[in-house]
Amino acid sequence: MASPEECSRVAIVTGAARGIGAATVRGLVAAGWRVVAVDRCADDPRIGYPLATRAELAALAAEHPESVVDLAVDVTDLSALRDAVEVAVYRFGGLDAAVAAASVIAGGRPLWEITDGEWAALFDVGVTGVANLARAAVPVMLRREQPRSGRFVALASAAAHRGLWHLAAYGAAKHAVVGLVKGLANDLRGTGVTATAVSPGSTRTDMLAATAGLYHLESVEAFGQHQIVGRVLEPSEVAAVVCWLCSAESAAITGSVVHADGGFTG
């Protein structure tokens, strides 16, 4: 059962239409949160697989019509993200957490064969998108009166900590997310707002299916053998970690990475 404090809390989640982002929205709502769910809802010509659709995002919001507002927003558009944050303020009264889950995958070839478009997409969405959410959301979280317990949580990856074959550019982008979070946490020193990263292992998402395609694998299940748990993780398992980091109980953790990777990085 949600605590009274959680029932009054508000979050914005990017990359919310499917995968870990969607599971995070569901987890937060189950804990009593109200959520602005954001996704690009359009394909990116630089990326070789379909991204989430407007229909998927709308279906997620329809599961919780009183608690979720869905918005089609590209995380590379800082102005649009700021508008989305103000929707949270207008509809729900403020903002207490921001979860940067939007990401894309590209690779499957040595670094020197990656195209300029693929490199740009990885950093535009996976790094600039995270920074844009922080720039849009943190000032609004700081509007809350002290003592506050604002939370910024970014999805990194096990690839940020362990080099993966033919995914050097993706690993570089996710490593940048870790550095961004560590710096942001120090910028937030003494404010009551924390910044953390979650590095998932192989998780059963559309992006992992696209990764299997890059490796010419028939199934994502092959990735599970590299994790101590011996299987691919479910989005809800990673989302549970993200949701806890959004809670007031996570106050002791900031500037840190939580490895929700099934033991992959040891």
# chains A, B, ... in the order shown; residues from 1 in each chain; ligands from 1
>>> residues_around(residues="range 105-108 of chain A", least_positions_apart="3", cutoff="9 Å", atoms="only C-alpha atoms", output="JSON, numbers by chain")
{"A": [46, 47, 48, 111, 113, 114, 118, 119, 121, 122, 165, 166, 167, 168, 169, 170, 207, 208, 210, 211, 213, 214, 215, 216]}
>>> write_last_selection(atoms="N, CA and C atoms", output="mmCIF file, in the first residue's frame")
data_model
loop_
_atom_site.group_PDB
_atom_site.id
_atom_site.type_symbol
_atom_site.label_atom_id
_atom_site.label_comp_id
_atom_site.auth_asym_id
_atom_site.auth_seq_id
_atom_site.Cartn_x
_atom_site.Cartn_y
_atom_site.Cartn_z
ATOM 1 N N ARG A 46 17.984 7.218 -38.326
ATOM 2 C CA ARG A 46 19.372 6.830 -38.070
ATOM 3 C C ARG A 46 19.477 5.471 -37.401
ATOM 4 N N ILE A 47 18.347 4.957 -36.928
ATOM 5 C CA ILE A 47 18.309 3.714 -36.166
ATOM 6 C C ILE A 47 17.570 2.655 -36.977
ATOM 7 N N GLY A 48 18.108 1.442 -36.975
ATOM 8 C CA GLY A 48 17.593 0.418 -37.884
ATOM 9 C C GLY A 48 16.511 -0.474 -37.330
ATOM 10 N N LEU A 111 33.853 -0.199 -33.995
ATOM 11 C CA LEU A 111 33.655 1.233 -33.825
ATOM 12 C C LEU A 111 33.956 2.005 -35.095
ATOM 13 N N GLU A 113 33.484 1.326 -38.028
ATOM 14 C CA GLU A 113 32.475 1.168 -39.078
ATOM 15 C C GLU A 113 31.128 1.799 -38.715
ATOM 16 N N ILE A 114 31.008 2.351 -37.518
ATOM 17 C CA ILE A 114 29.772 3.008 -37.116
ATOM 18 C C ILE A 114 29.574 4.269 -37.949
ATOM 19 N N GLU A 118 24.518 6.971 -36.701
ATOM 20 C CA GLU A 118 24.356 6.090 -35.544
ATOM 21 C C GLU A 118 25.025 6.682 -34.306
ATOM 22 N N TRP A 119 26.241 7.190 -34.470
ATOM 23 C CA TRP A 119 26.940 7.814 -33.335
ATOM 24 C C TRP A 119 26.123 8.982 -32.794
ATOM 25 N N ALA A 121 22.896 9.565 -33.057
ATOM 26 C CA ALA A 121 21.648 9.120 -32.429
ATOM 27 C C ALA A 121 21.896 8.607 -31.020
ATOM 28 N N LEU A 122 22.948 7.824 -30.827
ATOM 29 C CA LEU A 122 23.260 7.282 -29.508
ATOM 30 C C LEU A 122 23.488 8.396 -28.493
ATOM 31 N N TRP A 165 31.393 -6.405 -27.109
ATOM 32 C CA TRP A 165 31.814 -6.598 -28.503
ATOM 33 C C TRP A 165 30.876 -5.871 -29.457
ATOM 34 N N HIS A 166 31.462 -5.037 -30.320
ATOM 35 C CA HIS A 166 30.738 -4.315 -31.369
ATOM 36 C C HIS A 166 29.680 -3.354 -30.834
ATOM 37 N N LEU A 167 29.834 -2.939 -29.569
ATOM 38 C CA LEU A 167 28.926 -1.936 -29.002
ATOM 39 C C LEU A 167 29.714 -0.814 -28.329
ATOM 40 N N ALA A 168 30.864 -0.462 -28.897
ATOM 41 C CA ALA A 168 31.728 0.546 -28.275
ATOM 42 C C ALA A 168 31.035 1.899 -28.199
ATOM 43 N N ALA A 169 30.334 2.292 -29.244
ATOM 44 C CA ALA A 169 29.684 3.605 -29.239
ATOM 45 C C ALA A 169 28.557 3.652 -28.219
ATOM 46 N N TYR A 170 27.791 2.583 -28.136
ATOM 47 C CA TYR A 170 26.717 2.509 -27.142
ATOM 48 C C TYR A 170 27.302 2.562 -25.731
ATOM 49 N N MET A 207 14.383 -3.100 -27.322
ATOM 50 C CA MET A 207 15.761 -2.717 -27.613
ATOM 51 C C MET A 207 16.696 -3.922 -27.520
ATOM 52 N N LEU A 208 16.442 -4.839 -26.585
ATOM 53 C CA LEU A 208 17.259 -6.047 -26.526
ATOM 54 C C LEU A 208 17.011 -6.918 -27.755
ATOM 55 N N ALA A 210 16.337 -5.762 -30.663
ATOM 56 C CA ALA A 210 17.124 -5.118 -31.711
ATOM 57 C C ALA A 210 18.601 -5.451 -31.564
ATOM 58 N N THR A 211 19.078 -5.564 -30.327
ATOM 59 C CA THR A 211 20.470 -5.938 -30.079
ATOM 60 C C THR A 211 20.728 -7.356 -30.561
ATOM 61 N N GLY A 213 19.285 -8.726 -32.972
ATOM 62 C CA GLY A 213 19.375 -8.598 -34.422
ATOM 63 C C GLY A 213 20.751 -8.138 -34.873
ATOM 64 N N LEU A 214 21.353 -7.216 -34.126
ATOM 65 C CA LEU A 214 22.700 -6.752 -34.466
ATOM 66 C C LEU A 214 23.697 -7.898 -34.413
ATOM 67 N N TYR A 215 23.485 -8.837 -33.483
ATOM 68 C CA TYR A 215 24.371 -9.985 -33.311
ATOM 69 C C TYR A 215 23.919 -11.202 -34.122
ATOM 70 N N HIS A 216 22.866 -11.032 -34.901
ATOM 71 C CA HIS A 216 22.324 -12.118 -35.731
ATOM 72 C C HIS A 216 21.912 -13.323 -34.882
#
>>> select_by_dssp(residues="range 14-120 of chain A", states="strand (DSSP E or B)", output="VMD selection string")
chain A and resid 14 34 to 39 68 to 72 97 to 100
>>> write_last_selection(atoms="C-alpha atoms", output="PDB file, in the first residue's frame")
ATOM      1  CA  THR A  14      10.903   9.503 -20.656  1.00  0.00           C
ATOM      2  CA  ARG A  34       1.015  10.428 -10.624  1.00  0.00           C
ATOM      3  CA  VAL A  35       3.085  10.391 -13.787  1.00  0.00           C
ATOM      4  CA  VAL A  36       3.654  12.340 -16.980  1.00  0.00           C
ATOM      5  CA  ALA A  37       4.679   9.622 -19.457  1.00  0.00           C
ATOM      6  CA  VAL A  38       6.783  10.883 -22.359  1.00  0.00           C
ATOM      7  CA  ASP A  39       8.013   9.190 -25.520  1.00  0.00           C
ATOM      8  CA  VAL A  68      -1.021   9.170 -16.067  1.00  0.00           C
ATOM      9  CA  VAL A  69      -0.797  11.912 -18.686  1.00  0.00           C
ATOM     10  CA  ASP A  70       0.856  10.851 -21.958  1.00  0.00           C
ATOM     11  CA  LEU A  71       2.775  13.270 -24.169  1.00  0.00           C
ATOM     12  CA  ALA A  72       4.630  12.720 -27.450  1.00  0.00           C
ATOM     13  CA  ALA A  97      11.061  12.719  -9.604  1.00  0.00           C
ATOM     14  CA  ALA A  98      12.385  12.529 -13.148  1.00  0.00           C
ATOM     15  CA  VAL A  99      13.340   9.229 -14.768  1.00  0.00           C
ATOM     16  CA  ALA A 100      15.414   9.320 -17.946  1.00  0.00           C
TER      17      ALA A 100
END
>>> atom_distance(atom1="CA of Glu63 in chain A", atom2="CA of Gly126 in chain A")
27.3 Å
>>> residues_around(residues="Val181 in chain A", least_positions_apart="2", cutoff="8 Å", atoms="only C-alpha atoms", output="PyMOL selection string")
chain A and resi 154+177-179+183-185+195-197+255-256
>>> closest_residue(among="A:Leu217, A:Leu233, A:Ala172, A:Met141", to="Arg9 in chain A", atoms="only C-alpha atoms")
A:Met141
>>> closest_residue(among="A:Val104, A:Val229, A:Val153, A:Ala84", to="Ser250 in chain A", atoms="only C-alpha atoms")
A:Val153
>>> select_by_dssp(residues="range 37-209 of chain A", states="helix (DSSP H, G or I)", output="ChimeraX atom specification")
/A:54-63,78-92,111-113,116-141,158-160,168-187,206-209
>>> closest_residue(among="A:Phe223, A:Trp112, A:Phe152, A:Phe92", to="Cys243 in chain A", atoms="only C-alpha atoms")
A:Phe152
